[in-house]
Amino acid sequence: MVRTIELTKRQEQILEIVKGNGPITGEQIAEHLNLTRATLRPDLAILTMAGFLDARPRVGYFYTGKSGTQLLTENLQKIYVKEYQSIPVVVNENVSVYDAICTMFLEDVGTLFVVDPTTHLVGVLSRKDLLRASIGKQDLTAIPVHIIMTRMPNITMCERDDLLIDVAKKLIEKQIDALPVVKKSDEGYEVIGRITKTNITRAFVALGEE
């Protein structure tokens, strides 16, 4: 269920006045309601910041004509990966599966990013990868993670200037829990962050509270 902005009765009256008379100044709106400009200032600020109204200097307020859903969509198109990315947890491609399991447990993450000696991304390890390797009687201390990891070029990545909504779509389409945030260089991809379902949930909650 989409949560809509709940407007006060006075804010709804302001919208109706601007719809029928815009562009209109704050003083003129106050006259319509028999109130002072100072009394209306908080309401006008809320309606403007929420996107229902727009204001232009020496012109006044006018109605944007946008619904709450349209405004929410516009705000989603303004959120970038760099605003919500978190610190990545990386392991070397030659560490053992046992050590990777310990790292995942200690760091409390669901995905590890595997790098080569030059610190460039070469693979990704998920909980499923490590669980699959743990089944059986294999010596986990003797198996390097590069044997079981998902390798390039089969890794879904993102960059810090990508839209968060686009990354959310990738997580859903690929049915994965996290993406590495990378910076491309001549040698490969450097891991500079991570975006998880938790990061995206945090962003959407913040948007709803705003």
# chains A, B, ... in the order shown; residues from 1 in each chain; ligands from 1
$ select_by_dssp --residues "stretch 45-210 of chain A" --states "alpha helix (DSSP H)" --output "PyMOL selection string"
chain A and resi 45-49+68-76+81-84+97-107+127-134+164-174+197-209
$ residues_around --residues "A:Ile195" --least-positions-apart "3" --cutoff "7 Å" --atoms "only C-alpha atoms" --output "PDB file with N, CA and C atoms, in the first residue's frame"
ATOM      1  N   GLN A  85      25.274   3.788  -0.367  1.00  0.00           N
ATOM      2  CA  GLN A  85      26.180   2.641  -0.406  1.00  0.00           C
ATOM      3  C   GLN A  85      26.889   2.486   0.935  1.00  0.00           C
ATOM      4  N   SER A  86      27.241   1.254   1.251  1.00  0.00           N
ATOM      5  CA  SER A  86      27.954   0.970   2.497  1.00  0.00           C
ATOM      6  C   SER A  86      29.319   0.362   2.179  1.00  0.00           C
ATOM      7  N   ALA A 178      22.918  -8.527  -2.872  1.00  0.00           N
ATOM      8  CA  ALA A 178      23.799  -7.356  -2.859  1.00  0.00           C
ATOM      9  C   ALA A 178      24.533  -7.207  -4.186  1.00  0.00           C
ATOM     10  N   LEU A 179      24.903  -5.974  -4.480  1.00  0.00           N
ATOM     11  CA  LEU A 179      25.714  -5.674  -5.665  1.00  0.00           C
ATOM     12  C   LEU A 179      26.969  -4.920  -5.246  1.00  0.00           C
ATOM     13  N   PRO A 180      28.091  -5.218  -5.892  1.00  0.00           N
ATOM     14  CA  PRO A 180      29.274  -4.408  -5.633  1.00  0.00           C
ATOM     15  C   PRO A 180      29.158  -3.065  -6.347  1.00  0.00           C
ATOM     16  N   VAL A 181      29.559  -2.014  -5.658  1.00  0.00           N
ATOM     17  CA  VAL A 181      29.673  -0.707  -6.294  1.00  0.00           C
ATOM     18  C   VAL A 181      31.114  -0.590  -6.776  1.00  0.00           C
ATOM     19  N   ASN A 199      20.168  -1.526   2.385  1.00  0.00           N
ATOM     20  CA  ASN A 199      20.442  -0.142   1.975  1.00  0.00           C
ATOM     21  C   ASN A 199      19.231   0.463   1.275  1.00  0.00           C
TER      22      ASN A 199
END
$ closest_residue --among "A:Glu83, A:Asp54, A:Glu12, A:Glu31" --to "A:Leu163" --atoms "only C-alpha atoms"
A:Glu83
$ residues_around --residues "A:Thr25" --least-positions-apart "4" --cutoff "12 Å" --atoms "only C-alpha atoms" --output "ChimeraX atom specification"
/A:14,17-18,21,29-32,37,40-41,44,53-62
$ write_last_selection --atoms "C-alpha atoms" --output "compact mmCIF listing (two decimals), in the first residue's frame"
# COMPACT_ATOMS: atom_id res chain seq x y z
CA ILE A 14 -4.70 26.48 -0.15
CA ILE A 17 -7.20 28.45 -4.14
CA VAL A 18 -3.96 28.07 -6.09
CA ASN A 21 -6.23 31.41 -9.22
CA ILE A 29 -3.84 33.44 -0.61
CA ALA A 30 -3.92 34.87 2.93
CA GLU A 31 -6.63 37.32 1.89
CA HIS A 32 -8.78 34.49 0.53
CA ARG A 37 0.85 35.76 5.57
CA LEU A 40 0.26 30.53 6.18
CA ARG A 41 4.04 30.43 5.82
CA LEU A 44 3.08 27.01 2.01
CA LEU A 53 3.06 23.75 -5.29
CA ASP A 54 5.87 25.52 -7.03
CA ALA A 55 6.94 29.09 -6.35
CA ARG A 56 8.66 31.66 -8.50
CA PRO A 57 10.06 35.00 -7.28
CA ARG A 58 7.87 38.00 -8.13
CA VAL A 59 5.31 35.66 -9.71
CA GLY A 60 3.81 33.63 -6.89
CA TYR A 61 2.62 30.11 -6.25
CA PHE A 62 1.14 27.77 -8.83
$ closest_residue --among "A:Asp129, A:Glu16, A:Asp116, A:Asp139" --to "A:Tyr63" --atoms "only C-alpha atoms"
A:Glu16
$ residues_around --residues "A:Asn92" --least-positions-apart "3" --cutoff "6 Å" --atoms "only C-alpha atoms" --output "VMD selection string"
chain A and resid 95 114 to 116
